[in-house]
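input26.pdb follows (PDB, C-alpha atoms):
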```
ATOM      1  CA  MET A   1       0.000   0.000   0.000
ATOM      2  CA  GLU A   2       1.230   3.501  -0.800
ATOM      3  CA  GLN A   3       2.121   6.260   1.622
ATOM      4  CA  GLN A   4      -0.815   8.447   0.502
ATOM      5  CA  GLN A   5      -3.246   5.705   1.454
ATOM      6  CA  TYR A   6      -1.842   5.500   4.958
ATOM      7  CA  VAL A   7      -2.052   9.286   5.279
ATOM      8  CA  ALA A   8      -5.694   9.218   4.148
ATOM      9  CA  ARG A   9      -6.457   6.490   6.682
ATOM     10  CA  CYS A  10      -4.870   8.505   9.476
ATOM     11  CA  SER A  11      -6.899  11.562   8.485
ATOM     12  CA  GLU A  12     -10.173   9.620   8.508
ATOM     13  CA  LEU A  13      -9.506   8.014  11.864
ATOM     14  CA  PHE A  14      -8.305  11.226  13.497
ATOM     15  CA  ALA A  15     -11.497  13.007  12.432
ATOM     16  CA  VAL A  16     -13.607  10.612  14.535
ATOM     17  CA  GLY A  17     -11.289  10.601  17.538
ATOM     18  CA  GLY A  18      -9.598   7.276  16.854
ATOM     19  CA  HIS A  19      -6.216   8.349  18.163
ATOM     20  CA  ALA A  20      -4.985   4.848  18.998
ATOM     21  CA  ALA A  21      -6.065   3.677  15.540
ATOM     22  CA  VAL A  22      -4.215   6.611  13.956
ATOM     23  CA  ARG A  23      -1.041   5.622  15.755
ATOM     24  CA  LYS A  24      -1.445   2.051  14.577
ATOM     25  CA  ALA A  25      -2.011   3.135  10.966
ATOM     26  CA  ALA A  26       0.877   5.612  10.999
ATOM     27  CA  GLU A  27       3.265   3.051  12.461
ATOM     28  CA  ALA A  28       2.156   0.477   9.884
ATOM     29  CA  GLY A  29       2.788   3.004   7.128
ATOM     30  CA  LEU A  30       6.232   3.824   8.472
ATOM     31  CA  ASP A  31       7.079   0.130   8.678
ATOM     32  CA  GLU A  32       5.926  -0.518   5.118
ATOM     33  CA  CYS A  33       6.876   2.706   3.339
ATOM     34  CA  GLY A  34       9.798   3.859   5.430
ATOM     35  CA  PRO A  35      10.338   7.232   7.147
ATOM     36  CA  ASP A  36       7.892   9.878   5.960
ATOM     37  CA  PRO A  37       7.212  13.405   7.311
ATOM     38  CA  ALA A  38       3.433  13.223   6.878
ATOM     39  CA  LEU A  39       3.161   9.918   8.714
ATOM     40  CA  TYR A  40       5.382  11.192  11.513
ATOM     41  CA  ARG A  41       3.090  14.225  11.795
ATOM     42  CA  TRP A  42       0.007  12.042  12.150
ATOM     43  CA  LEU A  43       1.809   9.815  14.639
ATOM     44  CA  GLY A  44       2.779  12.861  16.685
ATOM     45  CA  GLN A  45      -0.688  14.389  16.572
ATOM     46  CA  ALA A  46      -2.281  11.111  17.648
ATOM     47  CA  HIS A  47       0.054  10.976  20.649
ATOM     48  CA  ALA A  48      -0.375  14.664  21.493
ATOM     49  CA  ALA A  49      -4.171  14.342  21.408
ATOM     50  CA  GLU A  50      -4.016  12.078  24.468
ATOM     51  CA  ASP A  51      -2.765  15.039  26.565
ATOM     52  CA  ASP A  52      -0.480  12.849  28.660
ATOM     53  CA  ASP A  53       3.196  13.346  29.515
ATOM     54  CA  ASP A  54       4.261   9.967  28.152
ATOM     55  CA  HIS A  55       2.325  10.516  24.942
ATOM     56  CA  ASP A  56       3.733  14.043  24.681
ATOM     57  CA  ARG A  57       7.252  12.609  24.733
ATOM     58  CA  GLU A  58       6.322  10.174  21.977
ATOM     59  CA  ALA A  59       4.764  13.028  20.010
ATOM     60  CA  GLU A  60       7.914  15.112  20.339
ATOM     61  CA  THR A  61      10.022  12.183  19.152
ATOM     62  CA  ALA A  62       7.784  11.738  16.108
ATOM     63  CA  TYR A  63       7.853  15.445  15.243
ATOM     64  CA  ARG A  64      11.632  15.624  15.509
ATOM     65  CA  LYS A  65      12.056  12.546  13.329
ATOM     66  CA  GLY A  66       9.767  14.104  10.752
ATOM     67  CA  LEU A  67      11.594  17.433  10.827
ATOM     68  CA  ALA A  68      14.892  15.608  10.395
ATOM     69  CA  LEU A  69      13.512  14.466   7.039
ATOM     70  CA  ALA A  70      11.824  17.742   6.060
ATOM     71  CA  GLU A  71      13.010  20.621   8.211
ATOM     72  CA  ASP A  72      10.672  23.147   6.574
ATOM     73  CA  ASP A  73       7.491  21.048   6.694
ATOM     74  CA  LEU A  74       4.918  23.543   7.949
ATOM     75  CA  GLY A  75       2.495  20.908   9.190
ATOM     76  CA  LEU A  76       5.164  19.335  11.365
ATOM     77  CA  MET A  77       6.445  22.658  12.643
ATOM     78  CA  VAL A  78       3.003  23.956  13.589
ATOM     79  CA  SER A  79       2.079  20.692  15.312
ATOM     80  CA  TYR A  80       5.373  20.710  17.216
ATOM     81  CA  LEU A  81       4.848  24.362  18.152
ATOM     82  CA  GLU A  82       1.408  23.554  19.568
ATOM     83  CA  LEU A  83       2.943  20.797  21.684
ATOM     84  CA  CYS A  84       5.734  23.059  22.941
ATOM     85  CA  LEU A  85       3.359  25.886  23.857
ATOM     86  CA  ARG A  86       1.076  23.494  25.710
ATOM     87  CA  SER A  87       3.921  22.080  27.804
ATOM     88  CA  ASP A  88       4.943  23.398  31.205
ATOM     89  CA  SER A  89       7.933  25.683  30.630
ATOM     90  CA  TRP A  90       9.330  24.811  34.076
ATOM     91  CA  ALA A  91       9.174  21.062  33.549
ATOM     92  CA  TYR A  92      10.194  21.223  29.878
ATOM     93  CA  PRO A  93      12.367  24.320  29.345
ATOM     94  CA  GLY A  94      13.740  22.872  26.111
ATOM     95  CA  ARG A  95      10.304  22.928  24.529
ATOM     96  CA  ALA A  96       9.824  26.558  25.528
ATOM     97  CA  ARG A  97      13.063  27.478  23.754
ATOM     98  CA  ARG A  98      12.134  25.479  20.674
ATOM     99  CA  ALA A  99       8.731  27.169  20.545
ATOM    100  CA  ALA A 100      10.346  30.548  19.897
ATOM    101  CA  ALA A 101      12.536  29.169  17.110
ATOM    102  CA  LEU A 102       9.643  27.274  15.534
ATOM    103  CA  ARG A 103       7.384  30.302  15.570
ATOM    104  CA  GLU A 104      10.030  32.472  13.960
ATOM    105  CA  ARG A 105      10.630  29.925  11.198
ATOM    106  CA  ILE A 106       6.907  29.417  10.573
ATOM    107  CA  GLU A 107       6.397  33.162  10.207
ATOM    108  CA  GLU A 108       9.151  33.190   7.587
ATOM    109  CA  LEU A 109       7.603  30.374   5.562
ATOM    110  CA  ALA A 110       3.842  30.733   6.024
ATOM    111  CA  PRO A 111       2.187  33.780   4.446
ATOM    112  CA  PRO A 112      -0.246  35.844   6.544
ATOM    113  CA  GLY A 113      -3.759  34.451   6.392
ATOM    114  CA  SER A 114      -2.610  30.909   5.656
ATOM    115  CA  PRO A 115      -4.045  28.018   7.705
ATOM    116  CA  GLU A 116      -0.652  27.484   9.331
ATOM    117  CA  ARG A 117      -0.430  31.095  10.484
ATOM    118  CA  GLU A 118      -3.965  30.902  11.855
ATOM    119  CA  ARG A 119      -3.034  27.811  13.859
ATOM    120  CA  VAL A 120       0.036  29.605  15.187
ATOM    121  CA  ASP A 121      -2.040  32.628  16.191
ATOM    122  CA  ASP A 122      -4.555  30.388  17.946
ATOM    123  CA  ALA A 123      -1.831  28.454  19.753
ATOM    124  CA  THR A 124       0.058  31.544  20.902
ATOM    125  CA  GLY A 125      -3.223  33.139  21.926
ATOM    126  CA  TRP A 126      -4.236  30.415  24.354
ATOM    127  CA  ALA A 127      -0.645  29.886  25.492
ATOM    128  CA  GLY A 128      -0.509  33.474  26.758
ATOM    129  CA  ARG A 129      -3.829  33.438  28.567
ATOM    130  CA  GLY A 130      -4.187  34.428  32.189
ATOM    131  CA  TYR A 131      -6.370  33.010  34.944
ATOM    132  CA  TRP A 132      -9.519  34.871  33.932
ATOM    133  CA  ASP A 133      -9.021  33.987  30.284
ATOM    134  CA  ASP A 134      -8.811  30.321  31.249
ATOM    135  CA  LEU A 135     -11.941  30.711  33.348
ATOM    136  CA  TYR A 136     -13.879  32.288  30.486
ATOM    137  CA  ALA A 137     -12.619  29.615  28.088
ATOM    138  CA  ALA A 138     -13.675  26.861  30.493
ATOM    139  CA  ALA A 139     -17.119  28.443  30.802
ATOM    140  CA  ALA A 140     -17.431  28.621  27.019
ATOM    141  CA  ARG A 141     -16.437  24.957  26.713
ATOM    142  CA  GLY A 142     -18.980  24.067  29.370
ATOM    143  CA  GLN A 143     -21.712  25.877  27.469
ATOM    144  CA  ALA A 144     -20.715  24.147  24.246
ATOM    145  CA  ASP A 145     -20.735  20.760  25.981
ATOM    146  CA  GLN A 146     -24.173  21.416  27.451
ATOM    147  CA  ALA A 147     -25.488  22.472  24.047
ATOM    148  CA  ALA A 148     -24.124  19.251  22.535
ATOM    149  CA  VAL A 149     -25.735  17.173  25.295
ATOM    150  CA  ALA A 150     -29.053  18.972  24.797
ATOM    151  CA  GLU A 151     -28.933  18.278  21.065
ATOM    152  CA  GLN A 152     -28.056  14.647  21.691
ATOM    153  CA  SER A 153     -30.956  14.351  24.149
ATOM    154  CA  VAL A 154     -33.383  15.524  21.460
ATOM    155  CA  LEU A 155     -31.988  13.086  18.898
ATOM    156  CA  VAL A 156     -32.054  10.196  21.351
ATOM    157  CA  THR A 157     -35.613  10.984  22.467
ATOM    158  CA  ASP A 158     -36.809  11.059  18.856
ATOM    159  CA  ALA A 159     -35.034   7.759  18.162
ATOM    160  CA  LEU A 160     -36.551   6.166  21.274
ATOM    161  CA  ARG A 161     -40.030   7.222  20.179
ATOM    162  CA  ARG A 162     -39.473   5.732  16.732
ATOM    163  CA  ALA A 163     -38.250   2.515  18.328
ATOM    164  CA  ALA A 164     -41.323   2.429  20.585
ATOM    165  CA  ARG A 165     -43.524   2.662  17.477
ATOM    166  CA  GLY A 166     -41.730  -0.354  16.068
ATOM    167  CA  GLU A 167     -39.908   1.518  13.323
ATOM    168  CA  SER A 168     -36.727  -0.205  12.236
ATOM    169  CA  ALA A 169     -33.523   1.732  12.787
ATOM    170  CA  ALA A 170     -31.499   2.664   9.732
ATOM    171  CA  ASP A 171     -27.943   1.466   9.341
ATOM    172  CA  THR A 172     -25.722   4.114  10.920
ATOM    173  CA  GLY A 173     -22.681   3.174   8.854
ATOM    174  CA  GLU A 174     -19.768   5.497   9.606
ATOM    175  CA  ASP A 175     -21.933   8.449  10.657
ATOM    176  CA  LEU A 176     -20.617   9.324  14.115
ATOM    177  CA  ARG A 177     -23.710  11.186  15.316
ATOM    178  CA  ALA A 178     -26.044   8.438  14.106
ATOM    179  CA  ALA A 179     -23.874   5.773  15.746
ATOM    180  CA  GLU A 180     -23.925   7.648  19.061
ATOM    181  CA  THR A 181     -27.705   7.968  18.887
ATOM    182  CA  ALA A 182     -28.148   4.279  18.085
ATOM    183  CA  ALA A 183     -25.882   3.341  20.993
ATOM    184  CA  ALA A 184     -27.902   5.549  23.346
ATOM    185  CA  VAL A 185     -31.142   3.878  22.247
ATOM    186  CA  GLU A 186     -29.613   0.484  23.052
ATOM    187  CA  LEU A 187     -28.332   1.582  26.452
ATOM    188  CA  LEU A 188     -31.644   3.165  27.464
ATOM    189  CA  GLN A 189     -33.869   0.190  26.653
ATOM    190  CA  GLY A 190     -35.726  -1.654  29.400
ATOM    191  CA  ALA A 191     -38.067  -0.763  32.241
ATOM    192  CA  ARG A 192     -35.220   0.072  34.621
ATOM    193  CA  ASN A 193     -34.143   2.922  32.333
ATOM    194  CA  ALA A 194     -37.634   4.399  31.958
ATOM    195  CA  PRO A 195     -36.931   7.213  34.483
ATOM    196  CA  LEU A 196     -33.762   8.128  32.606
ATOM    197  CA  ARG A 197     -35.645   8.238  29.308
ATOM    198  CA  LEU A 198     -38.205  10.559  30.904
ATOM    199  CA  LEU A 199     -35.482  12.866  32.211
ATOM    200  CA  LEU A 200     -33.825  13.076  28.805
ATOM    201  CA  ALA A 201     -37.148  13.749  27.092
ATOM    202  CA  HIS A 202     -37.776  16.696  29.433
ATOM    203  CA  ARG A 203     -34.204  17.689  30.176
ATOM    204  CA  VAL A 204     -34.692  21.409  30.842
ATOM    205  CA  ALA A 205     -37.654  20.834  33.136
ATOM    206  CA  ALA A 206     -35.730  18.077  34.918
ATOM    207  CA  TYR A 207     -32.838  20.440  35.617
ATOM    208  CA  VAL A 208     -35.118  23.199  36.903
ATOM    209  CA  LEU A 209     -37.196  20.911  39.115
ATOM    210  CA  THR A 210     -34.155  19.069  40.455
ATOM    211  CA  PHE A 211     -32.440  22.325  41.374
ATOM    212  CA  ALA A 212     -35.571  23.637  43.093
ATOM    213  CA  ALA A 213     -36.158  20.366  44.943
ATOM    214  CA  SER A 214     -32.544  19.988  46.084
ATOM    215  CA  PHE A 215     -32.325  23.603  47.236
ATOM    216  CA  GLY A 216     -35.715  23.350  48.961
ATOM    217  CA  LEU A 217     -34.795  20.128  50.761
ATOM    218  CA  ASN A 218     -31.514  21.543  52.042
ATOM    219  CA  LYS A 219     -33.252  24.716  53.184
ATOM    220  CA  ALA A 220     -36.065  22.793  54.891
ATOM    221  CA  LEU A 221     -33.648  20.563  56.798
ATOM    222  CA  VAL A 222     -31.750  23.593  58.068
ATOM    223  CA  LEU A 223     -34.784  25.752  58.907
ATOM    224  CA  SER A 224     -36.488  22.873  60.711
ATOM    225  CA  GLY A 225     -33.476  22.476  62.976
ATOM    226  CA  VAL A 226     -32.801  18.914  61.898
ATOM    227  CA  LEU A 227     -29.374  19.896  60.575
ATOM    228  CA  ASP A 228     -27.154  22.934  60.895
ATOM    229  CA  PHE A 229     -25.912  22.465  57.357
ATOM    230  CA  SER A 230     -27.296  20.132  54.703
ATOM    231  CA  LEU A 231     -26.059  18.658  51.459
ATOM    232  CA  TRP A 232     -28.645  15.883  51.349
ATOM    233  CA  GLY A 233     -30.598  17.693  48.675
ATOM    234  CA  TRP A 234     -27.782  17.185  46.209
ATOM    235  CA  LEU A 235     -28.623  13.473  46.195
ATOM    236  CA  LEU A 236     -31.649  14.394  44.090
ATOM    237  CA  TRP A 237     -29.235  15.112  41.239
ATOM    238  CA  ILE A 238     -28.225  11.455  40.994
ATOM    239  CA  PRO A 239     -30.898  10.481  38.407
ATOM    240  CA  VAL A 240     -30.010  13.472  36.215
ATOM    241  CA  LEU A 241     -26.321  12.648  36.419
ATOM    242  CA  LEU A 242     -27.034   9.003  35.598
ATOM    243  CA  ALA A 243     -28.969  10.050  32.496
ATOM    244  CA  GLU A 244     -26.080  12.196  31.292
ATOM    245  CA  ALA A 245     -23.627   9.409  32.095
ATOM    246  CA  LYS A 246     -25.634   7.170  29.763
ATOM    247  CA  LEU A 247     -25.219   9.724  26.993
ATOM    248  CA  ARG A 248     -21.461   9.894  27.577
ATOM    249  CA  GLU A 249     -21.275   6.116  27.503
ATOM    250  CA  ALA A 250     -23.254   6.132  24.262
ATOM    251  CA  ARG A 251     -20.882   8.665  22.699
ATOM    252  CA  ASN A 252     -17.897   6.492  23.563
ATOM    253  CA  LEU A 253     -19.604   3.342  22.321
ATOM    254  CA  GLY A 254     -20.734   5.009  19.100
ATOM    255  CA  ARG A 255     -17.227   6.332  18.457
ATOM    256  CA  GLU A 256     -15.709   2.901  19.044
ATOM    257  CA  ARG A 257     -18.131   1.349  16.567
ATOM    258  CA  VAL A 258     -17.435   3.943  13.879
ATOM    259  CA  ILE A 259     -13.684   3.531  14.326
ATOM    260  CA  ALA A 260     -14.068  -0.244  14.059
ATOM    261  CA  ARG A 261     -16.111   0.121  10.850
ATOM    262  CA  ILE A 262     -13.568   2.460   9.293
ATOM    263  CA  GLN A 263     -10.764   0.078  10.200
ATOM    264  CA  ALA A 264     -12.724  -2.847   8.752
ATOM    265  CA  ARG A 265     -13.188  -0.926   5.502
ATOM    266  CA  HIS A 266      -9.493  -0.129   5.443
ATOM    267  CA  ASP A 267      -8.634  -3.783   5.990
ATOM    268  CA  GLU A 268     -10.891  -4.834   3.118
ATOM    269  CA  ALA A 269      -9.613  -2.198   0.680
ATOM    270  CA  PRO A 270      -6.362  -3.979  -0.339
ATOM    271  CA  LEU A 271      -8.303  -7.189  -0.890
ATOM    272  CA  LYS A 272     -10.792  -5.480  -3.181
ATOM    273  CA  SER A 273      -8.073  -3.712  -5.140
ATOM    274  CA  ALA A 274      -6.079  -6.893  -5.621
ATOM    275  CA  PRO A 275      -6.409  -8.493  -9.106
TER     276      PRO A 275
END
```
Before we go any further, please render this structure as structure tokens.
Amino acid sequence: MEQQQYVARCSELFAVGGHAAVRKAAEAGLDECGPDPALYRWLGQAHAAEDDDDHDREAETAYRKGLALAEDDLGLMVSYLELCLRSDSWAYPGRARRAAALRERIEELAPPGSPERERVDDATGWAGRGYWDDLYAAAARGQADQAAVAEQSVLVTDALRRAARGESAADTGEDLRAAETAAAVELLQGARNAPLRLLLAHRVAAYVLTFAASFGLNKALVLSGVLDFSLWGWLLWIPVLLAEAKLREARNLGRERVIARIQARHDEAPLKSAP
């Protein structure tokens, strides 16, 4: 198989969060095709995406091997710069020094407005953030996550209603969102999950009522003199948290299935192309 095919496989798998599968594909490509800057970049990105010190070291090794082959490869340099800026400058002073050199070289090679320069601007922007900037960014991520969960709740509720009417589910194929929804429908079947299905179907109302009930219970226990301070009301959040945990489990399961299907297609491709 050619190098371009391995690169395409890595791109497909990375897009659906299959970082371990990307590493496997990149390593297979390097074994078969020999050292290649693009494959080293994908290998490094798949390690860096894990956000772990051990993986970061592997990512740095991959980037440096790639740059040894193509020292002016913008994709490698930008990816390496992102890793260096993300690292703790006290624990990894060498990366901090390399970040300055990489940025200077990228600015020489990448014209203003290019995708590489935009990635550099984004990376340097979040690398120089202060405490309040991090707080605002975390709040924005939280809002985005909640919006995604709300959208998933609607999709899952619609799918559950179709399943209750006896409608057959369509093949999800490699559609990540459809696979996540199908996984959620499977996980929420059965009488024991009926309360969770109800909470997801009326998610906003469930949040409002749970907050009011938990606050009211804590207040009542304190005002009645039973307790001086109460957190018992927070136990009322358990069903809501369980419902959201089911959605997270479904997202992971759906992603695993899509990755497995993509890998299966990749494994079949050489057989189909063979004479």
Handout entry: Contacts of stretch 155-172 of chain A within 6 Å, all atoms listed in the file, excl. fewer than 5 positions in-chain, as a ChimeraX atom specification
Key = /A:178-179,181,185,201
Reference answer for the PyMOL selection byres ((chain A and resi 83) around 9), as an mmCIF file with C-alpha atoms, in the frame of the given file:
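Dumped to out.cif:
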```
data_model
loop_
_atom_site.group_PDB
_atom_site.id
_atom_site.type_symbol
_atom_site.label_atom_id
_atom_site.label_comp_id
_atom_site.auth_asym_id
_atom_site.auth_seq_id
_atom_site.Cartn_x
_atom_site.Cartn_y
_atom_site.Cartn_z
ATOM 1 C CA GLN A 45 -0.688 14.389 16.572
ATOM 2 C CA ALA A 48 -0.375 14.664 21.493
ATOM 3 C CA ASP A 56 3.733 14.043 24.681
ATOM 4 C CA ALA A 59 4.764 13.028 20.010
ATOM 5 C CA GLU A 60 7.914 15.112 20.339
ATOM 6 C CA VAL A 78 3.003 23.956 13.589
ATOM 7 C CA SER A 79 2.079 20.692 15.312
ATOM 8 C CA TYR A 80 5.373 20.710 17.216
ATOM 9 C CA LEU A 81 4.848 24.362 18.152
ATOM 10 C CA GLU A 82 1.408 23.554 19.568
ATOM 11 C CA CYS A 84 5.734 23.059 22.941
ATOM 12 C CA LEU A 85 3.359 25.886 23.857
ATOM 13 C CA ARG A 86 1.076 23.494 25.710
ATOM 14 C CA SER A 87 3.921 22.080 27.804
ATOM 15 C CA ARG A 95 10.304 22.928 24.529
ATOM 16 C CA ALA A 99 8.731 27.169 20.545
#
```
Handout entry: Atomic distance atom CA of A:Asp51 - atom CA of A:His266, expressed in Å with one decimal
Key =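 Between atom CA of A:Asp51 and atom CA of A:His266 the gap works out to 26.9 Å.
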Practice task
Just give me the gap between atom CA of A:Glu186 and atom CA of A:Arg257 in Å, one decimal is fine.
Solution key: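 Between atom CA of A:Glu186 and atom CA of A:Arg257 the gap is 13.2 Å.
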Handout entry: atom CA of A:Val258 to atom CA of A:Leu242, straight-line distance in Å
Key =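 So the answer is 24.3 Å.
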Extract, using all atoms listed in the file, all DNA, RNA and protein residues at most 10 Å from stretch 239-241 of chain A, discarding same-chain residues fewer than 6 positions from it, and format them as a CSV table (one decimal) with C-alpha atoms, keeping the file's coordinate frame.
```
chain,number,residue,atom,x,y,z
A,195,PRO,CA,-36.9,7.2,34.5
A,196,LEU,CA,-33.8,8.1,32.6
A,199,LEU,CA,-35.5,12.9,32.2
A,200,LEU,CA,-33.8,13.1,28.8
A,203,ARG,CA,-34.2,17.7,30.2
A,206,ALA,CA,-35.7,18.1,34.9
A,207,TYR,CA,-32.8,20.4,35.6
A,210,THR,CA,-34.2,19.1,40.5
A,247,LEU,CA,-25.2,9.7,27.0
```
Edge lengths and centre in Å to one decimal, as lines of an AutoDock Vina configuration file, of the axis-aligned box that encloses all listed atoms of stretch 257-266 of chain A with 6 Å added on every side?
```
center_x = -13.8
center_y = 0.5
center_z = 11.0
size_x = 20.6
size_y = 18.8
size_z = 23.1
```
Exercise for the section: Within 10 Å of A:Arg261, counting all atoms listed in the file, which residues show up once you throw out same-chain ones fewer than 5 positions away? Write them as a list in words, please. Expected result: Gly173, Glu174, Arg255, Glu256, His266 and Asp267 of chain A
Handout entry: All residues 8 Å or closer to stretch 106-110 of chain A, all atoms listed in the file, same chain fewer than 2 positions away omitted, as a list in words
Key =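 Residues meeting the cut-off are Asp72, Leu74, Met77, Val78, Leu102, Arg103, Glu104, Pro112, Ser114, Glu116 and Arg117 of chain A.
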For the residues in the current selection, export C-alpha atoms as a CSV table (one decimal), in the coordinates of the input.
```
chain,number,residue,atom,x,y,z
A,72,ASP,CA,10.7,23.1,6.6
A,74,LEU,CA,4.9,23.5,7.9
A,77,MET,CA,6.4,22.7,12.6
A,78,VAL,CA,3.0,24.0,13.6
A,102,LEU,CA,9.6,27.3,15.5
A,103,ARG,CA,7.4,30.3,15.6
A,104,GLU,CA,10.0,32.5,14.0
A,112,PRO,CA,-0.2,35.8,6.5
A,114,SER,CA,-2.6,30.9,5.7
A,116,GLU,CA,-0.7,27.5,9.3
A,117,ARG,CA,-0.4,31.1,10.5
```
Handout entry: Non-local contacts of stretch 143-147 of chain A (12 Å; all atoms listed in the file; under 5 positions in same chain excluded) as a PyMOL selection string
Key = chain A and resi 136-138+152-154+203-204+207+244+247-248
Please write the residues from the selection above to a file, keeping C-alpha atoms, as a JSON list (two decimals), in the frame of the given file.
```
[["chain", "number", "residue", "atom", "x", "y", "z"],
["A", 136, "TYR", "CA", -13.88, 32.29, 30.49],
["A", 137, "ALA", "CA", -12.62, 29.62, 28.09],
["A", 138, "ALA", "CA", -13.68, 26.86, 30.49],
["A", 152, "GLN", "CA", -28.06, 14.65, 21.69],
["A", 153, "SER", "CA", -30.96, 14.35, 24.15],
["A", 154, "VAL", "CA", -33.38, 15.52, 21.46],
["A", 203, "ARG", "CA", -34.20, 17.69, 30.18],
["A", 204, "VAL", "CA", -34.69, 21.41, 30.84],
["A", 207, "TYR", "CA", -32.84, 20.44, 35.62],
["A", 244, "GLU", "CA", -26.08, 12.20, 31.29],
["A", 247, "LEU", "CA", -25.22, 9.72, 26.99],
["A", 248, "ARG", "CA", -21.46, 9.89, 27.58]]
```
Problem - Top pick for closest residue to A:Ala194, considering A:Ala243, A:Ala212, A:Asp52, A:Val222 and counting all atoms listed in the file - result: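 Among the listed residues, the smallest separation from A:Ala194 belongs to A:Ala243.
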